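Shown below: target23.csv, with CSV, C-alpha atoms.
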chain,number,residue,atom,x,y,z
R,30,MET,CA,33.3,0.0,13.0
R,31,ALA,CA,29.6,-0.8,12.4
R,32,ASN,CA,27.2,2.1,11.8
R,33,THR,CA,24.4,3.1,14.1
R,34,ILE,CA,21.2,3.8,12.2
R,35,ARG,CA,18.6,5.9,13.9
R,36,VAL,CA,15.0,4.7,13.2
R,37,PHE,CA,12.0,7.0,13.6
R,38,VAL,CA,8.8,5.0,13.9
R,39,GLY,CA,5.3,6.3,13.1
R,40,THR,CA,2.5,4.4,14.7
R,41,TYR,CA,-1.2,4.0,15.2
R,42,THR,CA,-2.0,5.2,18.8
R,43,GLY,CA,-4.7,3.8,21.0
R,44,GLY,CA,-3.2,0.4,21.7
R,45,LYS,CA,0.4,0.0,23.0
R,46,SER,CA,1.7,3.1,21.2
R,47,GLU,CA,1.8,6.6,22.6
R,48,GLY,CA,3.1,8.5,19.6
R,49,ILE,CA,6.4,8.6,17.6
R,50,TYR,CA,9.2,6.4,18.7
R,51,VAL,CA,13.0,6.6,18.2
R,52,TYR,CA,15.2,3.5,18.1
R,53,ASP,CA,18.9,2.8,17.3
R,54,LEU,CA,19.6,0.0,14.9
R,55,ASN,CA,22.9,-1.8,15.5
R,56,GLY,CA,24.7,-1.9,12.2
R,57,GLU,CA,26.4,-5.2,13.0
R,58,THR,CA,23.7,-7.2,14.7
R,59,GLY,CA,20.5,-5.6,13.4
R,60,ALA,CA,19.1,-5.3,16.9
R,61,LEU,CA,16.9,-2.3,17.8
R,62,THR,CA,17.4,-0.4,21.0
R,63,TYR,CA,14.7,2.0,22.3
R,64,SER,CA,15.8,5.6,22.7
R,65,SER,CA,12.8,7.8,23.3
R,66,HIS,CA,9.3,8.7,22.2
R,67,ILE,CA,7.0,11.7,22.0
R,68,GLY,CA,3.2,11.8,22.6
R,69,GLY,CA,0.7,14.5,21.9
R,70,ILE,CA,-0.2,13.3,18.4
R,71,ASP,CA,-2.9,10.9,17.4
R,72,ASN,CA,-2.0,8.2,14.7
R,73,PRO,CA,1.3,9.6,13.4
R,74,SER,CA,1.1,7.0,10.6
R,75,PHE,CA,3.6,8.5,8.2
R,76,LEU,CA,6.8,10.4,8.7
R,77,VAL,CA,9.4,12.2,6.6
R,78,LEU,CA,12.8,13.7,7.5
R,79,SER,CA,14.1,17.0,6.3
R,80,PRO,CA,17.0,16.8,3.8
R,81,ASP,CA,19.5,17.6,6.6
R,82,SER,CA,17.7,15.3,9.1
R,83,SER,CA,17.3,18.3,11.5
R,84,HIS,CA,13.5,18.1,11.5
R,85,LEU,CA,10.8,15.5,11.2
R,86,TYR,CA,7.3,16.0,9.8
R,87,ALA,CA,4.4,13.7,10.6
R,88,VAL,CA,0.7,13.4,9.6
R,89,SER,CA,-1.9,12.9,12.3
R,90,GLU,CA,-4.2,10.4,10.6
R,91,THR,CA,-7.6,11.3,12.0
R,92,GLY,CA,-11.0,11.7,10.4
R,93,ASP,CA,-13.8,14.2,11.2
R,94,PRO,CA,-13.3,17.1,11.5
R,95,GLY,CA,-10.0,16.4,9.8
R,96,GLY,CA,-6.3,15.5,10.1
R,97,LYS,CA,-3.2,17.5,11.0
R,98,VAL,CA,0.4,17.9,10.0
R,99,PHE,CA,3.1,18.2,12.8
R,100,SER,CA,6.6,19.6,12.8
R,101,TYR,CA,9.4,18.5,15.2
R,102,ALA,CA,13.0,19.4,15.8
R,103,ILE,CA,15.4,16.5,16.1
R,104,ASP,CA,18.2,16.5,18.8
R,105,PRO,CA,21.3,15.7,16.7
R,106,ASP,CA,22.9,13.7,19.5
R,107,SER,CA,20.0,11.6,20.9
R,108,GLY,CA,17.4,11.8,18.1
R,109,ALA,CA,14.8,13.0,20.7
R,110,LEU,CA,11.9,15.0,19.2
R,111,THR,CA,10.7,18.5,20.3
R,112,TYR,CA,7.3,19.6,19.1
R,113,LEU,CA,7.3,22.8,17.0
R,114,ASN,CA,3.8,23.4,15.6
R,115,ASP,CA,1.0,21.8,13.6
R,116,GLN,CA,-1.4,22.8,10.8
R,117,LEU,CA,-4.6,21.4,9.5
R,118,SER,CA,-4.2,18.8,6.7
R,119,HIS,CA,-7.3,20.2,4.9
R,120,GLY,CA,-8.7,16.7,4.5
R,121,SER,CA,-9.5,13.5,6.5
R,122,LEU,CA,-7.2,10.7,7.3
R,123,PRO,CA,-3.9,12.1,6.1
R,124,CYS,CA,-1.7,9.1,5.3
R,125,SER,CA,1.4,10.2,3.5
R,126,ILE,CA,3.9,13.1,3.7
R,127,ASP,CA,6.9,14.3,1.8
R,128,VAL,CA,9.4,17.1,1.7
R,129,ASP,CA,11.1,18.7,-1.3
R,130,ARG,CA,14.9,18.6,-1.9
R,131,THR,CA,15.5,22.1,-0.5
R,132,GLY,CA,13.5,21.4,2.7
R,133,ALA,CA,11.3,24.4,1.8
R,134,CYS,CA,8.0,22.6,1.2
R,135,VAL,CA,6.0,19.8,2.9
R,136,LEU,CA,3.4,17.9,0.9
R,137,VAL,CA,0.5,15.8,2.4
R,138,ALA,CA,-2.0,13.2,0.9
R,139,ASN,CA,-5.4,12.8,2.6
R,140,TYR,CA,-6.8,9.3,2.1
R,141,GLY,CA,-10.3,9.8,3.4
R,142,SER,CA,-11.1,13.0,1.4
R,143,GLY,CA,-9.0,12.3,-1.6
R,144,THR,CA,-7.2,15.6,-1.3
R,145,ILE,CA,-3.6,16.8,-1.3
R,146,SER,CA,-2.0,19.9,0.4
R,147,SER,CA,1.3,21.8,0.3
R,148,TYR,CA,3.0,23.9,3.0
R,149,PRO,CA,5.9,26.3,3.2
R,150,VAL,CA,8.5,25.5,5.8
R,151,GLN,CA,9.7,28.5,7.8
R,152,ARG,CA,13.3,29.1,8.7
R,153,ASP,CA,12.8,27.7,12.2
R,154,GLY,CA,11.4,24.4,10.8
R,155,THR,CA,7.7,25.3,11.6
R,156,LEU,CA,5.0,24.8,9.0
R,157,GLY,CA,3.2,27.7,7.5
R,158,GLU,CA,-0.4,27.6,6.4
R,159,ALA,CA,-1.3,25.5,3.4
R,160,VAL,CA,-0.8,27.0,0.0
R,161,SER,CA,-2.2,24.4,-2.3
R,162,LYS,CA,-5.4,22.4,-1.5
R,163,ILE,CA,-6.4,20.1,-4.3
R,164,GLN,CA,-9.4,17.8,-4.5
R,165,HIS,CA,-9.1,14.7,-6.7
R,166,GLU,CA,-12.2,13.8,-8.7
R,167,GLY,CA,-13.1,10.3,-9.9
R,168,SER,CA,-13.9,6.7,-9.0
R,169,SER,CA,-13.4,3.2,-10.3
R,170,ILE,CA,-15.0,-0.2,-10.5
R,171,ASP,CA,-15.1,-1.5,-6.9
R,172,GLU,CA,-18.3,-0.1,-5.5
R,173,SER,CA,-17.2,-0.8,-1.9
R,174,ARG,CA,-13.9,1.0,-2.0
R,175,GLN,CA,-13.7,3.1,-5.1
R,176,GLN,CA,-16.8,5.2,-5.2
R,177,GLU,CA,-14.6,8.3,-4.5
R,178,PRO,CA,-10.9,9.3,-4.6
R,179,HIS,CA,-8.5,8.2,-1.9
R,180,ALA,CA,-5.0,9.8,-2.3
R,181,HIS,CA,-2.7,7.2,-0.7
R,182,MET,CA,0.8,8.5,-1.1
R,183,ILE,CA,2.6,11.7,-2.1
R,184,ARG,CA,6.3,11.7,-3.1
R,185,HIS,CA,8.8,13.2,-5.5
R,186,ASP,CA,10.7,11.3,-8.2
R,187,LEU,CA,14.4,10.9,-7.6
R,188,ASP,CA,15.3,14.2,-9.3
R,189,TYR,CA,12.6,16.1,-7.5
R,190,ASN,CA,11.1,17.3,-10.9
R,191,TYR,CA,7.6,15.9,-10.4
R,192,VAL,CA,5.3,14.8,-7.6
R,193,PHE,CA,3.4,11.5,-7.7
R,194,VAL,CA,0.1,10.7,-6.0
R,195,PRO,CA,-1.2,7.1,-6.3
R,196,ASP,CA,-5.0,7.3,-5.8
R,197,LEU,CA,-6.6,4.0,-4.7
R,198,GLY,CA,-10.1,5.2,-5.4
R,199,MET,CA,-9.5,6.3,-8.9
R,200,ASP,CA,-7.0,3.6,-10.1
R,201,LYS,CA,-4.7,6.4,-11.2
R,202,VAL,CA,-1.4,8.0,-10.4
R,203,MET,CA,-1.8,11.7,-10.5
R,204,ILE,CA,1.3,13.7,-11.4
R,205,TYR,CA,2.1,17.3,-10.4
R,206,THR,CA,4.8,19.9,-10.5
R,207,LEU,CA,5.9,21.8,-7.4
R,208,ASP,CA,7.2,25.4,-7.3
R,209,PRO,CA,9.4,25.3,-4.1
R,210,ALA,CA,9.6,29.1,-4.0
R,211,THR,CA,5.8,29.3,-3.4
R,212,ALA,CA,5.0,25.8,-2.3
R,213,THR,CA,2.4,25.6,-5.1
R,214,LEU,CA,1.4,22.3,-6.7
R,215,THR,CA,0.2,22.3,-10.4
R,216,SER,CA,-1.5,19.4,-12.2
R,217,HIS,CA,0.8,17.9,-14.9
R,218,SER,CA,-0.4,14.5,-16.1
R,219,GLU,CA,-1.8,11.1,-15.0
R,220,ALA,CA,-1.4,7.4,-15.5
R,221,SER,CA,-3.7,4.4,-14.9
R,222,VAL,CA,-3.4,1.0,-13.4
R,223,PRO,CA,-5.6,-2.0,-14.3
R,224,PRO,CA,-9.2,-1.4,-13.0
R,225,GLY,CA,-9.8,-2.5,-9.4
R,226,SER,CA,-6.1,-2.6,-8.5
R,227,GLY,CA,-6.2,0.2,-6.0
R,228,PRO,CA,-2.7,1.9,-6.3
R,229,ARG,CA,-1.1,2.6,-2.9
R,230,HIS,CA,2.7,3.4,-3.0
R,231,ILE,CA,5.2,4.1,-5.7
R,232,ASP,CA,9.0,3.8,-6.0
R,233,PHE,CA,11.5,4.8,-8.7
R,234,HIS,CA,14.4,2.8,-10.2
R,235,PRO,CA,17.8,4.6,-9.7
R,236,ASN,CA,18.3,4.5,-13.5
R,237,ARG,CA,15.4,7.0,-13.8
R,238,LYS,CA,13.8,4.8,-16.6
R,239,TYR,CA,11.2,2.9,-14.5
R,240,ALA,CA,8.7,3.4,-11.7
R,241,TYR,CA,6.8,0.7,-9.8
R,242,VAL,CA,3.4,1.0,-8.1
R,243,ILE,CA,2.2,-1.5,-5.6
R,244,ASN,CA,-1.6,-2.0,-5.7
R,245,GLU,CA,-3.4,-2.6,-2.4
R,246,MET,CA,-6.6,-4.2,-3.7
R,247,GLY,CA,-5.1,-6.2,-6.6
R,248,ASN,CA,-2.1,-7.5,-4.7
R,249,THR,CA,0.1,-6.6,-7.6
R,250,ILE,CA,3.0,-4.4,-8.6
R,251,THR,CA,2.6,-2.5,-11.9
R,252,ALA,CA,5.8,-1.6,-13.7
R,253,PHE,CA,6.0,1.6,-15.8
R,254,HIS,CA,8.4,3.1,-18.2
R,255,TYR,CA,9.2,6.5,-16.7
R,256,ASP,CA,10.0,9.5,-18.9
R,257,ALA,CA,11.8,11.6,-16.4
R,258,SER,CA,12.0,14.7,-18.6
R,259,ALA,CA,8.4,14.6,-19.7
R,260,GLY,CA,7.0,13.4,-16.3
R,261,THR,CA,4.9,10.6,-17.8
R,262,LEU,CA,4.4,6.9,-17.0
R,263,THR,CA,3.7,4.1,-19.6
R,264,GLU,CA,2.6,0.7,-18.3
R,265,ILE,CA,4.9,-2.3,-18.9
R,266,GLU,CA,3.3,-5.2,-16.9
R,267,SER,CA,1.6,-6.1,-13.6
R,268,VAL,CA,2.8,-9.0,-11.4
R,269,THR,CA,1.2,-10.7,-8.4
R,270,THR,CA,2.8,-10.4,-4.9
R,271,LEU,CA,1.2,-13.6,-3.6
R,272,PRO,CA,1.8,-17.3,-4.0
R,273,ASP,CA,-0.4,-18.9,-6.7
R,274,ASP,CA,-2.0,-21.3,-4.2
R,275,TYR,CA,-2.8,-18.6,-1.6
R,276,THR,CA,-6.6,-18.2,-1.2
R,277,GLY,CA,-6.8,-16.0,2.0
R,278,SER,CA,-7.4,-12.3,2.3
R,279,SER,CA,-4.5,-10.0,1.8
R,280,HIS,CA,-3.7,-6.4,0.8
R,281,THR,CA,-0.3,-5.0,-0.2
R,282,ALA,CA,1.2,-2.0,1.5
R,283,ASP,CA,4.7,-0.8,0.9
R,284,ILE,CA,7.4,-1.0,-1.9
R,285,HIS,CA,11.1,-0.3,-2.0
R,286,ILE,CA,14.0,-0.7,-4.5
R,287,THR,CA,17.6,-1.3,-3.6
R,288,ASP,CA,20.1,1.4,-4.4
R,289,SER,CA,21.8,-1.0,-6.9
R,290,GLY,CA,18.5,-1.2,-8.8
R,291,LYS,CA,18.8,-5.0,-8.9
R,292,TYR,CA,16.0,-5.8,-6.6
R,293,ILE,CA,12.5,-4.7,-5.5
R,294,TYR,CA,10.4,-5.7,-2.5
R,295,GLY,CA,6.7,-5.4,-1.6
R,296,SER,CA,4.8,-6.1,1.6
R,297,ASN,CA,1.7,-8.2,2.0
R,298,ARG,CA,-0.8,-7.7,4.9
R,299,GLY,CA,-2.7,-10.9,5.5
R,300,HIS,CA,-0.2,-13.2,3.9
R,301,ASP,CA,2.2,-11.2,6.2
R,302,SER,CA,5.3,-11.4,4.0
R,303,LEU,CA,7.7,-9.5,1.7
R,304,ALA,CA,7.6,-10.5,-2.0
R,305,MET,CA,11.1,-10.3,-3.5
R,306,TYR,CA,11.9,-9.7,-7.2
R,307,SER,CA,14.9,-9.1,-9.5
R,308,ILE,CA,14.6,-6.3,-12.0
R,309,ASP,CA,15.6,-6.6,-15.6
R,310,GLU,CA,17.3,-3.3,-16.1
R,311,SER,CA,16.9,-3.5,-19.9
R,312,THR,CA,13.1,-4.0,-19.8
R,313,GLY,CA,12.0,-3.0,-16.4
R,314,ARG,CA,10.2,-6.4,-16.0
R,315,LEU,CA,10.2,-8.3,-12.7
R,316,THR,CA,11.1,-11.9,-11.8
R,317,LEU,CA,9.9,-13.3,-8.5
R,318,LEU,CA,12.7,-14.5,-6.3
R,319,GLY,CA,10.6,-15.7,-3.4
R,320,ILE,CA,8.2,-14.6,-0.7
R,321,GLU,CA,9.6,-14.2,2.8
R,322,PRO,CA,7.4,-14.3,6.0
R,323,THR,CA,7.8,-11.2,8.2
R,324,GLN,CA,7.3,-13.3,11.3
R,325,GLY,CA,4.7,-10.9,12.5
R,326,GLU,CA,1.2,-9.6,11.7
R,327,ASN,CA,0.2,-6.8,9.2
R,328,PRO,CA,3.5,-5.5,7.8
R,329,ARG,CA,2.2,-2.1,6.6
R,330,ASN,CA,5.6,-0.6,6.1
R,331,PHE,CA,9.3,-1.7,5.8
R,332,GLY,CA,12.5,0.0,4.9
R,333,ILE,CA,16.0,-0.7,3.6
R,334,ASP,CA,18.5,0.9,5.9
R,335,PRO,CA,20.7,3.6,4.3
R,336,THR,CA,23.8,1.4,4.3
R,337,GLY,CA,21.9,-1.3,2.4
R,338,THR,CA,22.7,-4.0,5.1
R,339,PHE,CA,19.3,-4.7,6.6
R,340,VAL,CA,15.6,-4.6,5.7
R,341,LEU,CA,13.4,-3.7,8.7
R,342,ALA,CA,9.8,-4.8,8.5
R,343,GLY,CA,7.2,-3.2,10.9
R,344,ASN,CA,4.6,-5.7,12.0
R,345,SER,CA,1.9,-3.3,13.2
R,346,GLY,CA,-0.5,-6.1,14.2
R,347,SER,CA,1.9,-7.9,16.5
R,348,ASP,CA,3.7,-4.8,17.9
R,349,THR,CA,7.1,-6.0,16.5
R,350,ALA,CA,9.7,-5.2,13.9
R,351,THR,CA,11.8,-7.9,12.2
R,352,THR,CA,15.3,-7.3,10.9
R,353,PHE,CA,16.5,-9.2,7.9
R,354,ARG,CA,20.0,-9.1,6.4
R,355,LEU,CA,20.0,-8.3,2.7
R,356,ASN,CA,21.9,-10.6,0.4
R,357,HIS,CA,23.1,-8.4,-2.4
R,358,GLU,CA,24.2,-11.3,-4.5
R,359,THR,CA,20.8,-13.1,-4.6
R,360,GLY,CA,18.4,-10.4,-3.5
R,361,LYS,CA,17.0,-12.7,-0.8
R,362,LEU,CA,16.3,-11.7,2.8
R,363,ILE,CA,18.1,-13.6,5.4
R,364,ASP,CA,16.5,-14.3,8.8
R,365,ILE,CA,19.0,-13.3,11.5
R,366,GLY,CA,16.7,-14.0,14.5
R,367,GLN,CA,16.0,-10.3,15.3
R,368,ILE,CA,12.4,-9.7,16.2
R,369,ASN,CA,12.1,-6.6,18.5
R,370,GLU,CA,9.2,-5.2,20.4
R,371,VAL,CA,8.0,-2.0,18.6
R,372,PRO,CA,4.4,-0.8,19.3
R,373,ALA,CA,2.1,-0.6,16.2
R,374,ALA,CA,4.8,0.3,13.7
R,375,VAL,CA,3.3,1.6,10.5
R,376,CYS,CA,6.2,3.9,9.2
R,377,LEU,CA,10.0,3.5,9.4
R,378,LYS,CA,12.4,6.3,8.5
R,379,MET,CA,16.1,5.7,8.9
R,380,VAL,CA,19.3,7.8,9.0
R,381,VAL,CA,22.9,6.9,9.7
R,382,VAL,CA,24.2,8.7,12.8
R,383,ASP,CA,27.8,7.4,13.2
Output the structure of this file as C-alpha cells.
Amino acid sequence: MANTIRVFVGTYTGGKSEGIYVYDLNGETGALTYSSHIGGIDNPSFLVLSPDSSHLYAVSETGDPGGKVFSYAIDPDSGALTYLNDQLSHGSLPCSIDVDRTGACVLVANYGSGTISSYPVQRDGTLGEAVSKIQHEGSSIDESRQQEPHAHMIRHDLDYNYVFVPDLGMDKVMIYTLDPATATLTSHSEASVPPGSGPRHIDFHPNRKYAYVINEMGNTITAFHYDASAGTLTEIESVTTLPDDYTGSSHTADIHITDSGKYIYGSNRGHDSLAMYSIDESTGRLTLLGIEPTQGENPRNFGIDPTGTFVLAGNSGSDTATTFRLNHETGKLIDIGQINEVPAAVCLKMVVVD
C-alpha cells in the first residue's frame, strides 16, 4: 500500500494565500489533496516540525517593527493546526527556523537585521522568551546587497553538534554550538564562500564528510569538506547552477541531498528550474546531470519526500507545486504530469502519516 505523506506549506500571504496550508501527497500518484489551512499569521515563509511531528513552528517574515515566531499543535489524524503562542523574533524579516533533536529549543534567523535568536520550548509546545539574541557584523563586495549582514538560514548538522547560519551579506557561514538545556547559542567558527556569492542555504552529506552551500547571488553551489568533530568547513569547489548559455536574471534558493548521498539538487528562481548533480563520495565534487524546468514560476523551495519517491517543487510565483518522480538509478527527475494548485508556496515540510 502506498504511503500518504502530509505536506505543510509555508507561504507569502497577501495574494492568494491566507496562511499555512496542509495537503496530503499520494504516495502512488504524487497528487496533492488540500486538507486544511490556518490564518492569523503574516508571511509564514519557513516552517519546521518538532522531532515527533506533534508541533509546528513558523516564522512570520515581516519587517518594521520586527518579525515573530509562532507555535502550533498538530492534530495527529488530520494534520490541522491549532495556534498555541508567538514570540518576537528580535529582528526583521525572519526567514528560517530550526528545532534541536530533543525538541527543547527553536532557532530563528532574521534576514533583514542579520540576527539570530534561540527559544526554549515549554512542555506544552509553546515558545518561551528568547534566550540568545546575536547580531552578525560584517559586509562584502556587492554594494547593493551586501552592505550589512543578512542571516538567511539556521540549521543543525546531521548529528546536531553544531548550528550553521549562511549569511548572504557577509559571504560567510557562521557556526555555533547550542546548549539544549539552556537554549543558549555560542559562537564557534566560520567559513567563507567566494566574494559576491551570497550564501543562502546549506545541506549535509549523509557520510558527514561534506557540506554544500547554495549561493543566491552567484548562482553557484560551494562544496566543503566538513570536519564533524571540529565543526569546521574547508572549501572544495564552486559549480554553477545555470546553463552556460543562459543570460537572463536568476537567483538560487534551496538545496537538498538524497538520503543515499548520491545526488544533490538546487533550485533556480528566474531560470525556474532544478539543477541536478551526482556527488563523488570520495572527493565531494559535483557533476552536473541536467537542469529540469519546474513548470512554474519562482521555485523558492522544494523537498524530497521522506520515502524518497518524489521531489516536490513549490512555484511561489505561479501558485503551483510540481511533483517529480525521483529516478534513483540516474538521479534525474521524471515529469509525471502532476502540477497542483498551491498558493504562494515558499516552504515545504513533509512527514509520512500512514
Under the rule of at most 12 Å, produce a per-residue listing of stretch 266-357 of chain R near stretch 219-237 of chain R: chain, number, name, the closest pair of atoms, and the distance in Å, as a Markdown table, using only C-alpha atoms.
| residue | atom | partner | partner_atom | distance |
| --- | --- | --- | --- | --- |
| R:Glu266 | CA | R:Val222 | CA | 9.8 |
| R:Ser267 | CA | R:Pro223 | CA | 8.3 |
| R:Val268 | CA | R:Pro223 | CA | 11.3 |
| R:Thr269 | CA | R:Ser226 | CA | 10.9 |
| R:His280 | CA | R:Gly227 | CA | 9.8 |
| R:Thr281 | CA | R:Arg229 | CA | 8.1 |
| R:Ala282 | CA | R:Arg229 | CA | 6.8 |
| R:Asp283 | CA | R:His230 | CA | 6.1 |
| R:Ile284 | CA | R:Asp232 | CA | 6.5 |
| R:His285 | CA | R:Asp232 | CA | 6.1 |
| R:Ile286 | CA | R:His234 | CA | 6.7 |
| R:Thr287 | CA | R:His234 | CA | 8.4 |
| R:Asp288 | CA | R:Pro235 | CA | 6.6 |
| R:Ser289 | CA | R:Pro235 | CA | 7.4 |
| R:Gly290 | CA | R:His234 | CA | 5.9 |
| R:Lys291 | CA | R:His234 | CA | 9.0 |
| R:Tyr292 | CA | R:His234 | CA | 9.5 |
| R:Ile293 | CA | R:His234 | CA | 9.1 |
| R:Tyr294 | CA | R:Asp232 | CA | 10.2 |
| R:Gly295 | CA | R:His230 | CA | 9.8 |
| R:Ser296 | CA | R:His230 | CA | 10.8 |
| R:Ser307 | CA | R:His234 | CA | 11.9 |
| R:Ile308 | CA | R:His234 | CA | 9.3 |
| R:Asp309 | CA | R:His234 | CA | 10.9 |
| R:Glu310 | CA | R:Asn236 | CA | 8.3 |
| R:Ser311 | CA | R:Asn236 | CA | 10.3 |
| R:Thr312 | CA | R:Asn236 | CA | 11.8 |
| R:Gly313 | CA | R:His234 | CA | 8.8 |
| R:Arg314 | CA | R:His234 | CA | 11.7 |
| R:Arg329 | CA | R:His230 | CA | 11.1 |
| R:Asn330 | CA | R:His230 | CA | 10.4 |
Among the residues R:Val202, R:Met379, R:Val38, R:Ile49, the one that comes closest to R:Pro335 [using all atoms listed in the file]: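 The answer is R:Met379, which sits nearest to R:Pro335.
With all atoms listed in the file as the atoms that count, the minimum distance from R:Ser347 to the choices R:Ser74, R:Asn369, R:Thr359, R:Asn32 is reached by R:Asn369.
Put simply, atom CA of R:Asn327 is 12.5 Å away from atom CA of R:Pro372.
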For R:Tyr50, the nearest of the candidates R:Pro94, R:Pro149, R:Pro80, R:Gly108, counting only C-alpha atoms: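 Going through R:Pro94, R:Pro149, R:Pro80, R:Gly108 one by one, the smallest distance to R:Tyr50 is for R:Gly108.
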Atom pair atom CA of R:Val150 / atom CA of R:Leu197: separation (Å):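 Pair atom CA of R:Val150 / atom CA of R:Leu197 returns 28.3 Å.
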Length of the atom CA of R:Leu78 to atom CA of R:Lys378 vector [Å]: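 So the two atoms, atom CA of R:Leu78 and atom CA of R:Lys378, lie 7.5 Å apart.
Residue nearest R:Ser169, chosen from R:Lys238, R:Lys201, R:His300, R:His357 and counting all atoms listed in the file: R:Lys201.
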Given all atoms listed in the file as the counted atoms, nearest of R:Cys376, R:Leu136, R:Val381, R:Leu85 to R:Glu158: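 Of the candidates, the smallest distance to R:Glu158 is held by R:Leu136.
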Among the residues R:Thr131, R:Thr144, R:Asn344, R:Gln116, the one that comes closest to R:Ala373 [using all atoms listed in the file]: R:Asn344
